[in-house]
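Visitor: Below you'll find entry_24.cif; it's mmCIF, C-alpha atoms and all ligand atoms.
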```
data_start
#
loop_
_atom_site.label_atom_id
_atom_site.label_comp_id
_atom_site.auth_asym_id
_atom_site.auth_seq_id
_atom_site.Cartn_x
_atom_site.Cartn_y
_atom_site.Cartn_z
CA MET A 1 -18.20 -5.73 -12.27
CA PRO A 2 -16.50 -9.14 -12.04
CA ASP A 3 -16.92 -11.05 -8.81
CA SER A 4 -13.30 -11.19 -7.71
CA THR A 5 -14.02 -13.03 -4.47
CA ALA A 6 -13.35 -16.44 -5.94
CA GLN A 7 -10.48 -15.10 -7.99
CA HIS A 8 -8.62 -13.83 -4.95
CA ALA A 9 -9.39 -16.73 -2.66
CA VAL A 10 -6.43 -19.06 -3.07
CA ALA A 11 -7.07 -22.20 -1.05
CA LYS A 12 -3.47 -23.40 -0.80
CA GLN A 13 -0.50 -21.09 -0.87
CA PRO A 14 0.97 -21.54 -4.34
CA THR A 15 4.69 -22.21 -4.74
CA VAL A 16 6.77 -20.68 -7.49
CA LEU A 17 10.26 -21.92 -8.25
CA VAL A 18 12.44 -19.09 -9.55
CA GLY A 19 15.44 -20.22 -11.59
CA VAL A 20 18.35 -17.79 -11.78
CA THR A 21 21.06 -18.17 -14.42
CA GLY A 22 24.42 -16.45 -14.99
CA CYS A 23 23.51 -13.07 -16.38
CA ILE A 24 24.11 -9.47 -15.35
CA ALA A 25 20.32 -9.16 -14.78
CA ALA A 26 20.45 -11.82 -12.04
CA TYR A 27 20.13 -9.12 -9.39
CA LYS A 28 16.65 -8.32 -10.76
CA SER A 29 15.53 -11.79 -9.66
CA CYS A 30 15.48 -10.42 -6.10
CA GLU A 31 12.73 -8.00 -7.14
CA ILE A 32 10.83 -10.83 -8.82
CA VAL A 33 11.05 -12.90 -5.63
CA ARG A 34 9.76 -9.96 -3.53
CA GLY A 35 6.94 -9.21 -5.97
CA LEU A 36 5.72 -12.80 -5.88
CA GLN A 37 5.94 -12.93 -2.09
CA LYS A 38 3.93 -9.71 -1.82
CA ALA A 39 1.18 -11.45 -3.77
CA GLY A 40 1.10 -14.24 -1.15
CA VAL A 41 3.19 -16.75 -3.09
CA ARG A 42 5.78 -19.06 -1.50
CA VAL A 43 9.00 -18.73 -3.47
CA LYS A 44 11.89 -21.15 -3.77
CA VAL A 45 15.04 -20.38 -5.75
CA VAL A 46 17.36 -22.61 -7.73
CA MET A 47 20.53 -21.15 -9.23
CA THR A 48 23.17 -22.18 -11.72
CA GLU A 49 26.80 -22.09 -10.68
CA HIS A 50 27.35 -19.10 -13.01
CA ALA A 51 24.45 -17.17 -11.44
CA THR A 52 26.31 -17.19 -8.13
CA GLU A 53 28.99 -15.02 -9.78
CA PHE A 54 26.37 -12.24 -9.89
CA VAL A 55 24.21 -12.79 -6.76
CA GLY A 56 24.97 -15.07 -3.83
CA PRO A 57 22.57 -17.81 -2.68
CA THR A 58 22.64 -16.15 0.76
CA THR A 59 20.68 -13.21 -0.64
CA PHE A 60 17.91 -15.48 -1.90
CA ARG A 61 18.02 -17.55 1.29
CA ALA A 62 17.44 -14.38 3.30
CA LEU A 63 14.63 -13.22 1.01
CA THR A 64 12.79 -16.54 0.79
CA HIS A 65 13.60 -18.11 4.18
CA GLU A 66 14.08 -21.31 2.17
CA PRO A 67 17.22 -23.29 1.37
CA VAL A 68 18.74 -22.31 -1.98
CA ALA A 69 20.49 -25.09 -3.83
CA VAL A 70 22.98 -24.72 -6.66
CA GLY A 71 24.61 -28.12 -7.09
CA LEU A 72 22.77 -31.40 -7.66
CA PHE A 73 24.14 -32.84 -4.43
CA ASP A 74 24.02 -29.72 -2.22
CA ASP A 75 21.29 -30.98 0.09
CA PRO A 76 22.40 -34.24 1.75
CA SER A 77 18.96 -34.65 3.33
CA ASP A 78 17.37 -34.78 -0.14
CA PRO A 79 19.26 -37.14 -2.48
CA ILE A 80 16.84 -36.48 -5.36
CA HIS A 81 16.55 -32.73 -4.92
CA HIS A 82 15.65 -31.95 -8.56
CA ILE A 83 12.58 -34.17 -8.30
CA SER A 84 11.32 -32.66 -5.02
CA LEU A 85 11.86 -29.12 -6.34
CA ALA A 86 10.04 -30.00 -9.57
CA GLN A 87 7.13 -31.52 -7.67
CA GLU A 88 6.72 -28.61 -5.26
CA ALA A 89 6.48 -25.94 -7.94
CA ASP A 90 3.11 -24.76 -9.25
CA VAL A 91 5.06 -22.68 -11.78
CA PHE A 92 8.77 -22.79 -12.61
CA VAL A 93 9.99 -19.45 -13.99
CA ILE A 94 13.56 -18.99 -15.15
CA ALA A 95 14.37 -15.28 -14.97
CA PRO A 96 16.83 -14.29 -16.27
CA CYS A 97 17.44 -17.19 -18.63
CA THR A 98 20.67 -17.20 -20.67
CA ALA A 99 21.00 -18.47 -24.25
CA ASN A 100 23.02 -21.40 -22.90
CA VAL A 101 20.36 -22.54 -20.42
CA MET A 102 17.63 -22.08 -23.06
CA ALA A 103 19.65 -24.25 -25.44
CA LYS A 104 20.16 -26.93 -22.83
CA ILE A 105 16.48 -27.13 -21.88
CA ALA A 106 15.40 -27.07 -25.54
CA ASN A 107 17.63 -30.07 -26.20
CA GLY A 108 16.91 -32.03 -23.05
CA ILE A 109 20.36 -31.51 -21.57
CA ALA A 110 20.28 -31.80 -17.78
CA ASP A 111 23.74 -31.32 -16.32
CA ASP A 112 23.07 -29.25 -13.19
CA LEU A 113 20.32 -28.79 -10.62
CA LEU A 114 18.44 -26.10 -12.54
CA THR A 115 18.35 -27.87 -15.91
CA THR A 116 17.64 -31.25 -14.29
CA THR A 117 14.70 -29.69 -12.43
CA ALA A 118 13.45 -28.11 -15.67
CA LEU A 119 13.47 -31.52 -17.32
CA ALA A 120 11.74 -33.14 -14.35
CA THR A 121 9.01 -30.55 -13.90
CA THR A 122 5.49 -31.17 -15.11
CA SER A 123 4.25 -27.72 -13.98
CA PRO A 124 4.11 -24.78 -16.38
CA LEU A 125 7.59 -23.60 -17.32
CA MET A 126 8.08 -19.88 -18.04
CA ILE A 127 11.24 -18.33 -19.44
CA ALA A 128 12.27 -14.67 -19.30
CA PRO A 129 15.34 -14.47 -21.54
CA ALA A 130 18.13 -11.93 -21.11
CA MET A 131 21.23 -11.76 -23.30
CA ASN A 132 23.10 -9.74 -25.90
CA VAL A 133 20.95 -8.72 -28.90
CA HIS A 134 23.02 -10.76 -31.40
CA MET A 135 22.86 -13.86 -29.21
CA TYR A 136 19.13 -13.29 -28.89
CA GLU A 137 18.59 -12.92 -32.62
CA ASN A 138 20.92 -15.79 -33.49
CA ALA A 139 19.17 -18.51 -35.51
CA ALA A 140 20.19 -21.14 -32.95
CA THR A 141 18.55 -19.19 -30.09
CA MET A 142 15.42 -18.57 -32.16
CA ALA A 143 15.22 -22.26 -33.06
CA ASN A 144 15.58 -23.23 -29.40
CA ARG A 145 12.86 -20.80 -28.46
CA GLY A 146 10.59 -22.20 -31.19
CA LYS A 147 11.15 -25.73 -29.89
CA LEU A 148 10.33 -24.70 -26.34
CA GLU A 149 7.21 -22.78 -27.37
CA MET A 150 6.02 -25.83 -29.32
CA ARG A 151 6.25 -27.75 -26.02
CA GLY A 152 4.13 -25.15 -24.22
CA VAL A 153 6.88 -23.15 -22.54
CA GLU A 154 5.68 -19.56 -22.07
CA PHE A 155 8.16 -16.81 -22.91
CA ILE A 156 8.11 -13.44 -21.21
CA GLU A 157 9.53 -11.34 -24.01
CA ALA A 158 12.81 -9.52 -23.46
CA SER A 159 12.58 -5.78 -23.97
CA GLU A 160 14.58 -3.49 -26.23
CA GLY A 161 17.05 -0.97 -24.96
CA TYR A 162 20.60 -0.29 -23.92
CA LEU A 163 22.25 -3.58 -22.97
CA ALA A 164 24.96 -4.10 -20.36
CA CYS A 165 27.47 -5.00 -23.11
CA GLY A 166 26.96 -1.59 -24.75
CA ASP A 167 24.82 -2.82 -27.67
CA VAL A 168 21.33 -1.51 -28.19
CA GLY A 169 18.51 -3.86 -29.13
CA ARG A 170 16.28 -6.63 -27.80
CA GLY A 171 17.71 -8.70 -24.98
CA ARG A 172 17.01 -6.81 -21.76
CA LEU A 173 15.24 -8.86 -19.12
CA ALA A 174 11.53 -7.92 -19.09
CA ASP A 175 10.54 -5.55 -16.31
CA PRO A 176 10.44 -7.56 -13.02
CA SER A 177 6.89 -6.35 -12.32
CA ASP A 178 5.78 -7.63 -15.77
CA ILE A 179 7.39 -10.99 -14.98
CA VAL A 180 5.58 -11.09 -11.63
CA THR A 181 2.27 -10.21 -13.33
CA ALA A 182 2.78 -12.94 -15.97
CA VAL A 183 3.57 -15.58 -13.33
CA LEU A 184 0.61 -14.55 -11.18
CA ALA A 185 -1.67 -14.66 -14.23
CA ARG A 186 -0.47 -18.22 -14.81
CA LEU A 187 -1.42 -19.00 -11.20
CA GLY A 188 -4.80 -17.29 -11.61
CA ILE A 189 -3.97 -14.50 -9.13
CA ALA A 190 -5.02 -10.95 -10.03
CA HIS A 191 -2.26 -8.33 -10.12
CA ASP A 192 -4.41 -5.54 -11.46
CA LEU A 193 -3.15 -2.82 -9.09
CA ALA A 194 0.48 -3.14 -10.23
CA GLY A 195 1.96 0.30 -10.84
CA LEU A 196 -0.62 2.07 -8.64
CA ARG A 197 0.08 3.68 -5.29
CA VAL A 198 -2.58 3.21 -2.65
CA LEU A 199 -2.88 5.08 0.65
CA VAL A 200 -5.01 3.46 3.36
CA THR A 201 -5.96 4.76 6.81
CA ALA A 202 -6.99 2.30 9.50
CA GLY A 203 -7.77 1.94 13.18
CA PRO A 204 -8.85 4.55 15.70
CA THR A 205 -7.18 7.79 16.61
CA VAL A 206 -6.37 8.53 20.23
CA GLU A 207 -6.87 12.04 21.57
CA PRO A 208 -5.11 12.70 24.88
CA ILE A 209 -6.76 14.29 27.90
CA ASP A 210 -3.60 13.92 29.94
CA PRO A 211 -0.60 11.53 29.74
CA VAL A 212 -2.71 8.54 30.83
CA ARG A 213 -6.27 9.28 29.69
CA TYR A 214 -7.60 9.70 26.19
CA LEU A 215 -10.69 9.74 23.97
CA THR A 216 -10.91 7.01 21.35
CA ASN A 217 -13.27 4.40 19.85
CA SER A 218 -13.27 0.64 19.40
CA SER A 219 -11.95 0.36 15.84
CA SER A 220 -9.67 -2.67 15.67
CA GLY A 221 -8.11 -1.73 12.31
CA LYS A 222 -9.25 -5.02 10.74
CA MET A 223 -11.15 -3.38 7.89
CA GLY A 224 -8.38 -0.97 6.88
CA TYR A 225 -5.65 -3.60 7.26
CA ALA A 226 -7.65 -5.96 5.01
CA VAL A 227 -7.76 -3.24 2.33
CA ALA A 228 -4.02 -2.57 2.64
CA GLU A 229 -3.18 -6.26 2.52
CA ALA A 230 -5.40 -6.94 -0.49
CA ALA A 231 -4.05 -3.92 -2.39
CA ALA A 232 -0.47 -5.08 -1.81
CA ARG A 233 -1.34 -8.62 -2.89
CA ARG A 234 -2.81 -7.19 -6.08
CA GLY A 235 0.45 -5.41 -6.84
CA ALA A 236 -0.07 -1.89 -5.49
CA ASP A 237 2.58 0.08 -3.70
CA VAL A 238 0.76 0.57 -0.39
CA THR A 239 1.20 3.06 2.45
CA LEU A 240 -0.89 2.28 5.52
CA VAL A 241 -1.36 5.04 8.07
CA SER A 242 -2.57 3.31 11.19
CA GLY A 243 -3.85 4.41 14.55
CA PRO A 244 -2.95 2.25 17.56
CA VAL A 245 -4.14 -1.34 16.96
CA ALA A 246 -3.04 -4.82 17.99
CA LEU A 247 -2.55 -6.07 14.41
CA GLN A 248 0.74 -6.97 12.71
CA PRO A 249 1.52 -4.67 9.75
CA PRO A 250 0.72 -6.54 6.53
CA SER A 251 3.83 -7.76 4.74
CA GLY A 252 5.06 -5.65 1.84
CA VAL A 253 3.15 -2.60 3.09
CA HIS A 254 4.83 0.61 4.23
CA THR A 255 3.15 1.19 7.59
CA VAL A 256 3.21 4.53 9.41
CA ARG A 257 1.98 4.42 12.99
CA VAL A 258 0.24 7.49 14.40
CA ARG A 259 -1.87 8.33 17.46
CA THR A 260 -3.90 11.48 16.96
CA ALA A 261 -6.07 12.73 14.09
CA ARG A 262 -3.65 15.56 13.47
CA ASP A 263 -0.72 13.11 13.22
CA MET A 264 -2.80 10.97 10.85
CA LEU A 265 -3.56 13.97 8.64
CA GLN A 266 0.11 14.92 8.49
CA ALA A 267 1.18 11.37 7.55
CA CYS A 268 -1.55 11.20 4.90
CA GLU A 269 -0.63 14.55 3.40
CA GLU A 270 2.99 13.40 3.10
CA ALA A 271 1.98 10.25 1.20
CA PHE A 272 -0.89 11.86 -0.74
CA LYS A 273 1.06 13.59 -3.49
CA ASP A 274 2.37 10.24 -4.79
CA THR A 275 -0.95 8.44 -4.45
CA ASP A 276 -3.42 7.16 -7.05
CA ILE A 277 -6.11 5.70 -4.78
CA VAL A 278 -6.91 6.67 -1.18
CA VAL A 279 -9.04 4.52 1.12
CA CYS A 280 -9.95 6.18 4.45
CA ALA A 281 -11.13 3.33 6.68
CA ALA A 282 -9.88 4.85 9.95
CA ALA A 283 -12.32 5.78 12.67
CA VAL A 284 -10.93 9.26 13.22
CA ALA A 285 -12.07 10.99 16.39
CA ASP A 286 -14.22 13.95 15.33
CA MET A 287 -13.28 15.94 18.44
CA ARG A 288 -10.30 16.21 20.77
CA PRO A 289 -9.75 17.85 24.15
CA GLU A 290 -8.72 21.42 23.49
CA VAL A 291 -5.88 21.06 25.96
CA ALA A 292 -3.98 17.90 26.82
CA ALA A 293 -2.72 18.32 30.37
CA ALA A 294 1.03 17.82 30.78
CA SER A 295 0.61 15.88 34.04
CA LYS A 296 -2.00 13.39 35.18
CA LEU A 297 -5.14 15.22 36.30
CA LYS A 298 -5.97 14.52 39.94
CA LYS A 299 -9.48 14.03 41.28
CA ALA A 300 -8.73 16.11 44.36
CA THR A 301 -7.12 19.13 42.69
CA ASP A 302 -8.33 18.97 39.07
CA ALA A 303 -11.98 18.03 39.54
CA GLU A 304 -13.10 20.95 37.41
CA ALA A 305 -10.78 20.02 34.50
CA LEU A 306 -11.79 16.35 34.75
CA SER A 307 -15.53 16.92 34.81
CA THR A 308 -15.62 19.48 31.99
CA ILE A 309 -13.31 18.52 29.19
CA HIS A 310 -13.62 21.19 26.54
CA LEU A 311 -13.58 19.65 23.06
CA VAL A 312 -12.58 21.15 19.72
CA GLU A 313 -13.09 19.74 16.25
CA ASN A 314 -10.38 17.64 14.62
CA PRO A 315 -9.45 18.15 10.98
CA ASP A 316 -11.46 15.97 8.60
CA ILE A 317 -8.81 13.91 6.82
CA LEU A 318 -11.11 12.47 4.15
CA ALA A 319 -12.64 15.86 3.31
CA THR A 320 -9.20 17.51 3.20
CA LEU A 321 -7.80 14.87 0.84
CA GLY A 322 -11.05 14.76 -1.16
CA ALA A 323 -10.99 18.50 -1.78
CA ALA A 324 -7.43 18.24 -3.18
CA LYS A 325 -7.88 14.94 -5.04
CA GLY A 326 -7.35 16.01 -8.67
CA ARG A 327 -7.17 12.75 -10.68
CA ARG A 328 -6.86 10.61 -7.57
CA THR A 329 -9.67 8.28 -6.61
CA VAL A 330 -10.86 8.81 -3.05
CA VAL A 331 -12.77 6.21 -1.05
CA GLY A 332 -14.25 6.97 2.36
CA PHE A 333 -16.35 5.02 4.83
CA ALA A 334 -19.51 5.99 6.66
CA ALA A 335 -20.04 4.38 10.04
CA GLU A 336 -23.73 4.85 10.80
CA THR A 337 -26.23 3.69 13.39
CA ASP A 338 -29.29 4.90 11.42
CA ASP A 339 -30.23 5.66 7.83
CA VAL A 340 -27.00 4.04 6.70
CA VAL A 341 -27.39 4.62 2.97
CA ALA A 342 -28.84 8.15 3.14
CA ASN A 343 -26.15 9.28 5.56
CA GLY A 344 -23.49 7.55 3.49
CA ARG A 345 -24.66 9.29 0.32
CA ALA A 346 -24.56 12.67 2.09
CA LYS A 347 -20.91 11.99 3.03
CA LEU A 348 -20.07 11.17 -0.61
CA GLU A 349 -20.80 14.77 -1.56
CA LYS A 350 -19.73 16.48 1.61
CA LYS A 351 -16.29 14.84 1.61
CA TYR A 352 -15.67 14.92 -2.18
CA ALA A 353 -15.33 11.12 -2.26
CA ASP A 354 -15.75 8.94 -5.38
CA LEU A 355 -16.99 6.03 -3.30
CA ILE A 356 -18.38 5.71 0.22
CA VAL A 357 -18.46 2.35 1.96
CA ALA A 358 -21.45 2.66 4.26
CA ASN A 359 -21.64 0.21 7.15
CA GLU A 360 -23.84 -0.05 10.19
CA VAL A 361 -22.04 0.17 13.51
CA GLY A 362 -23.02 -0.41 17.09
CA TYR A 363 -22.20 -2.64 20.02
CA ARG A 364 -20.50 -5.72 18.50
CA LYS A 365 -21.55 -4.55 15.06
CA THR A 366 -18.73 -4.11 12.49
CA PHE A 367 -16.25 -2.59 14.98
CA GLY A 368 -13.80 -5.36 15.88
CA GLU A 369 -15.70 -8.04 13.95
CA ASP A 370 -14.24 -10.20 11.17
CA THR A 371 -17.21 -9.60 8.88
CA ASN A 372 -18.96 -6.55 7.50
CA THR A 373 -22.23 -5.82 5.72
CA ALA A 374 -21.58 -2.84 3.49
CA VAL A 375 -23.17 -0.76 0.78
CA LEU A 376 -20.84 0.74 -1.82
CA ILE A 377 -22.22 4.16 -2.70
CA MET A 378 -21.10 5.97 -5.86
CA ALA A 379 -22.48 9.01 -7.67
CA ASP A 380 -24.65 6.99 -10.04
CA GLU A 381 -24.75 3.53 -8.50
CA GLU A 382 -25.17 1.58 -5.26
CA VAL A 383 -23.92 -1.96 -4.66
CA THR A 384 -25.34 -3.75 -1.60
CA LEU A 385 -22.97 -6.46 -0.48
CA PRO A 386 -24.09 -9.45 1.56
CA THR A 387 -22.39 -10.06 4.89
CA MET A 388 -18.89 -11.25 4.07
CA SER A 389 -15.41 -11.32 5.56
CA LYS A 390 -13.64 -7.98 5.76
CA ARG A 391 -11.05 -9.46 3.43
CA ASP A 392 -13.71 -10.04 0.78
CA VAL A 393 -15.24 -6.59 1.36
CA ALA A 394 -11.73 -5.19 0.83
CA GLU A 395 -11.47 -6.94 -2.54
CA ARG A 396 -14.85 -5.55 -3.63
CA ILE A 397 -13.89 -2.03 -2.56
CA LEU A 398 -10.68 -2.28 -4.57
CA ASP A 399 -12.54 -3.65 -7.62
CA GLN A 400 -14.84 -0.62 -7.56
CA ALA A 401 -12.06 1.86 -6.78
CA LEU A 402 -9.99 0.54 -9.69
CA ALA A 403 -12.96 0.72 -12.07
CA LEU A 404 -13.62 4.32 -10.99
CA HIS A 405 -9.93 5.17 -11.33
CA GLU A 406 -9.72 3.74 -14.84
CA ARG A 407 -12.66 5.92 -15.88
CA LYS A 408 -10.85 9.13 -14.84
O1 LIG B 501 -11.49 -1.15 12.42
P1 LIG B 501 -12.57 -2.19 12.45
O2 LIG B 501 -12.77 -2.75 13.84
O3 LIG B 501 -12.36 -3.26 11.43
O4 LIG B 501 -13.95 -1.48 12.11
C1 LIG B 501 -14.18 -1.01 10.83
C2 LIG B 501 -14.79 0.40 10.83
C3 LIG B 501 -16.18 0.35 11.45
C4 LIG B 501 -13.92 1.36 11.63
C5 LIG B 501 -14.84 0.83 9.32
O5 LIG B 501 -15.61 -0.09 8.60
C6 LIG B 501 -15.44 2.23 9.18
O6 LIG B 501 -16.62 2.43 9.08
N1 LIG B 501 -14.54 3.24 9.17
C7 LIG B 501 -14.91 4.68 9.20
C8 LIG B 501 -15.26 5.10 10.61
C9 LIG B 501 -15.68 6.54 10.70
O7 LIG B 501 -14.97 7.31 11.27
O8 LIG B 501 -16.77 6.84 10.01
P2 LIG B 501 -17.45 8.32 9.96
O9 LIG B 501 -18.76 8.11 9.35
O10 LIG B 501 -17.36 8.98 11.29
O11 LIG B 501 -16.50 9.11 8.99
C10 LIG B 501 -16.71 9.16 7.59
C11 LIG B 501 -15.40 9.15 6.86
O12 LIG B 501 -14.65 10.31 7.19
C12 LIG B 501 -14.50 7.98 7.16
O13 LIG B 501 -13.86 7.58 5.97
C13 LIG B 501 -13.48 8.52 8.14
O14 LIG B 501 -12.21 7.88 8.00
C14 LIG B 501 -13.40 9.97 7.70
N2 LIG B 501 -13.07 10.94 8.75
C15 LIG B 501 -13.92 11.16 9.78
C16 LIG B 501 -13.64 12.13 10.71
C17 LIG B 501 -12.42 12.86 10.56
N3 LIG B 501 -12.10 13.80 11.45
N4 LIG B 501 -11.59 12.61 9.56
C18 LIG B 501 -11.91 11.68 8.64
O15 LIG B 501 -11.13 11.43 7.72
#
```
Write out the structure in this file as C-alpha cells.
Ligand code: PMT

Guide:
Amino acid sequence: MPDSTAQHAVAKQPTVLVGVTGCIAAYKSCEIVRGLQKAGVRVKVVMTEHATEFVGPTTFRALTHEPVAVGLFDDPSDPIHHISLAQEADVFVIAPCTANVMAKIANGIADDLLTTTALATTSPLMIAPAMNVHMYENAATMANRGKLEMRGVEFIEASEGYLACGDVGRGRLADPSDIVTAVLARLGIAHDLAGLRVLVTAGPTVEPIDPVRYLTNSSSGKMGYAVAEAAARRGADVTLVSGPVALQPPSGVHTVRVRTARDMLQACEEAFKDTDIVVCAAAVADMRPEVAAASKLKKATDAEALSTIHLVENPDILATLGAAKGRRTVVGFAAETDDVVANGRAKLEKKYADLIVANEVGYRKTFGEDTNTAVLIMADEEVTLPTMSKRDVAERILDQALALHERK
C-alpha cells in the first residue's frame, strides 16, 4: 500500500491557469474549473475575445472569485498582466484549445492576452484541443501539434464522437474529469477516486427527551469531515450525512444535515443506492428515549418521567447498509475503551463491513481531537497507524477502501 500522506500533503496551494478559447466546448471549462477547485487548487482564467462569444467572463469570475482578463490592457493596475499571470501559474492548461490558438502558440505568435501569456510562461503548458475532425486531422494542425510536443507541451487527446458541426470523428474536447485528472497528475495530486461516489456519516446524533433536552455524545465530526473532504479532493462525488456539529461543510461536498439516528439512516438509505464506498464515522446514539415529550418536562409535575427515561434501541446504520452492500465497499469505525482491536474485529463481522477503523476513545481521547491513533482492521490484514492528524488518517482509510473496492 503506497504511503499517500506525502502525496496528498501540498505545502502551498497550487495555482492553475485555465485558458479558454472560442469553441462551442467553452462551457465545459466551467466544469474543469470546478473540478480543479474541488481538488484544492486555486484557479485563474484567461480567455480569448472569441471565447467570450460562448461563455462570459462573469461566469468564470463568479466561479473562481478571481479577476478574469481577456484583453492585454484590461487590468489597469497590472500593466504587464501576461507576465504576472504566467508567473503565478504552476500549470497553464488551455481547454478547449482551437486550431487557431494552437497554430499561434506553435509559431510564437502572441497577439492577445492568452497567447502572450502562453509565450511568457515557463510552467508546464497543457493543451486540450477541440475542433472539427477535418481541422483536427489537417496536416497544418498535426504539424503544429508535433512542434508543440517537441517543446514539451502535453496534449490531452480529443475524443471521437458526434461533433457540434454534425461531423463524426476525433475533435471532441476530452472529458472534463479526464482533463482535471491530467492536470492534477502534472501537479502531483492524486485524483484516484474520480468517478466514484462516496457516502460519509459524521458527528453525533441527538436523541430528544423533550424539546430542550436530549441524549448525545461528544463527537465533533472532525474525523468524518476529514474523510469527506479528502474523498472530494481525490475526485469522488461525496455525500456527507452529518449530525449537529460546529464545522463548515467541506467545499464540493453534498452535505445533508440530520439530528437523530433515524433521520441519519433515512438520509443514508436515500444516498446508498448510488454509492460505491460508504464510510460510517458518525457516533450514532445506540439508544433513544422511547417517547420524546412534546413539551418541556417539569421537575415539579414530571419528576417520574425525568428520573426514569425509558430507552429503546436505535437502528444500526452501518449494519443495515452492510447487510445490503452488494458490490459496495463498506467502512465502519469502532470506538472502544478496552480491547480495541478485538472489539473492532468483532464489529467487522457483525456489521458486514469490509474495513473497521478501530480507535480508542475516552475523556479527551479521539473525540474532538485533531489527531487519531487507529488500527485498520480487514478480514485478512491489520494496519496499525501511528498517531497522526485526522486528515492523514482519512487519506489512509481511503487508500485501503479504494484497494478493497478495486478487488471486488
Ligand atoms: O467526531 P470526532 O470528534 O472527530 O471523533 C471521531 C470518532 C471518535 C467519533 C470516530 O473516530 C469514531 O470512532 N466513530 C464511530 C463512533 C461509534 O459510534 O462507534 P461504535 O463502536 O459505537 O459503532 C461502530 C460503528 O457502527 C460505527 O461505524 C458507527 O457509525 C456505527 N453505528 C453505531 C451505532 C448505530 N446505531 N448505528 C451505526 O451505524

Visitor: Counting all atoms listed in the file, which residues come within 12 Å of (7.0, -4.8, 4.8), with the point read in the file's coordinates, and could you list them as a list in words?

Guide: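 Residues with an atom at most 12 Å from (7.0, -4.8, 4.8): Arg34, Gly35, Gln37, Lys38, Leu63, Ala228, Glu229, Ala232, Arg233, Asp237, Val238, Thr239, Leu240, Gln248, Pro249, Pro250, Ser251, Gly252, Val253, His254, Thr255 and Val256 of chain A.
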
Visitor: Could you take the residues named above and write them with C-alpha atoms, as a PDB file, in the coordinates of the input?

Guide:
```pdb
ATOM      1  CA  ARG A  34       9.760  -9.960  -3.530  1.00  0.00           C
ATOM      2  CA  GLY A  35       6.940  -9.210  -5.970  1.00  0.00           C
ATOM      3  CA  GLN A  37       5.940 -12.930  -2.090  1.00  0.00           C
ATOM      4  CA  LYS A  38       3.930  -9.710  -1.820  1.00  0.00           C
ATOM      5  CA  LEU A  63      14.630 -13.220   1.010  1.00  0.00           C
ATOM      6  CA  ALA A 228      -4.020  -2.570   2.640  1.00  0.00           C
ATOM      7  CA  GLU A 229      -3.180  -6.260   2.520  1.00  0.00           C
ATOM      8  CA  ALA A 232      -0.470  -5.080  -1.810  1.00  0.00           C
ATOM      9  CA  ARG A 233      -1.340  -8.620  -2.890  1.00  0.00           C
ATOM     10  CA  ASP A 237       2.580   0.080  -3.700  1.00  0.00           C
ATOM     11  CA  VAL A 238       0.760   0.570  -0.390  1.00  0.00           C
ATOM     12  CA  THR A 239       1.200   3.060   2.450  1.00  0.00           C
ATOM     13  CA  LEU A 240      -0.890   2.280   5.520  1.00  0.00           C
ATOM     14  CA  GLN A 248       0.740  -6.970  12.710  1.00  0.00           C
ATOM     15  CA  PRO A 249       1.520  -4.670   9.750  1.00  0.00           C
ATOM     16  CA  PRO A 250       0.720  -6.540   6.530  1.00  0.00           C
ATOM     17  CA  SER A 251       3.830  -7.760   4.740  1.00  0.00           C
ATOM     18  CA  GLY A 252       5.060  -5.650   1.840  1.00  0.00           C
ATOM     19  CA  VAL A 253       3.150  -2.600   3.090  1.00  0.00           C
ATOM     20  CA  HIS A 254       4.830   0.610   4.230  1.00  0.00           C
ATOM     21  CA  THR A 255       3.150   1.190   7.590  1.00  0.00           C
ATOM     22  CA  VAL A 256       3.210   4.530   9.410  1.00  0.00           C
TER      23      VAL A 256
END
```

Visitor: What do you get as a VMD selection string if you pick all residues at most 6 Å from ligand LIG 501 (chain B), counting all atoms listed in the file?

Guide: chain A and resid 203 219 to 223 280 to 286 314 to 318 332 to 335 359 366 to 368

Visitor: Which residue, A:Ile209, A:Leu247, A:Leu17, A:Ile277, has the smallest gap to A:Glu290 when you use all atoms listed in the file?

Guide: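 Among the listed residues, A:Ile209 lies closest to A:Glu290.
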
Visitor: Counting all atoms listed in the file, which residues sit no farther than 12 Å from the position (-15.4, 16.8, 22.5) in the file's frame? I'd like them as JSON, numbers by chain.

Guide: {"A": [207, 208, 209, 214, 215, 216, 285, 286, 287, 288, 289, 290, 291, 308, 309, 310, 311, 312, 313, 314]}

Visitor: Report the distance between atom CA of A:Val340 and atom CA of A:Leu404 in Å, rounded to one decimal place.

Guide: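 The value is 22.2 Å.
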
Visitor: Please report the interatomic distance between atom CA of A:Ala294 and atom CA of A:Pro211 in Å with one decimal.

Guide: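 Straight-line distance from atom CA of A:Ala294 to atom CA of A:Pro211 works out to 6.6 Å.
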
Visitor: For A:Asp167, which residue out of A:Met135, A:Tyr352, A:His191, A:Ile32 is the nearest one, using all atoms listed in the file?

Guide: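 Checking each of A:Met135, A:Tyr352, A:His191, A:Ile32 against A:Asp167, counting all atoms listed in the file, the winner is A:Met135.
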
Visitor: Distance atom CA of A:Gly71-atom CA of A:Tyr136, one decimal place?

Guide: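 Separation of atom CA of A:Gly71 and atom CA of A:Tyr136: 26.9 Å.
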
Visitor: Do a neighbour search on A:Ala226 at 9 Å with all atoms listed in the file, toss out local chain neighbours closer than 4 positions, and write the hits as a list in words.

Guide: Gly221, Lys222, Ala230, Ala231, Pro250, Lys390, Arg391, Asp392, Val393, Ala394 and Glu395 of chain A

Visitor: If we count only C-alpha atoms, what is near A:Val279 at a cut-off of 7 Å, once residues fewer than 4 positions away on the same chain are taken out, given as number ranges by chain?

Guide: A: 199-201, 330-332

Visitor: Can I get the selected residues back with C-alpha atoms, as a PDB file, in the coordinates of the input?

Guide:
```pdb
ATOM      1  CA  LEU A 199      -2.880   5.080   0.650  1.00  0.00           C
ATOM      2  CA  VAL A 200      -5.010   3.460   3.360  1.00  0.00           C
ATOM      3  CA  THR A 201      -5.960   4.760   6.810  1.00  0.00           C
ATOM      4  CA  VAL A 330     -10.860   8.810  -3.050  1.00  0.00           C
ATOM      5  CA  VAL A 331     -12.770   6.210  -1.050  1.00  0.00           C
ATOM      6  CA  GLY A 332     -14.250   6.970   2.360  1.00  0.00           C
TER       7      GLY A 332
END
```

Visitor: When distances are computed from only C-alpha atoms, which of A:Pro67, A:Gly326, A:Pro204, A:Pro129 shows the smallest separation from A:Asn100?

Guide: A:Pro129
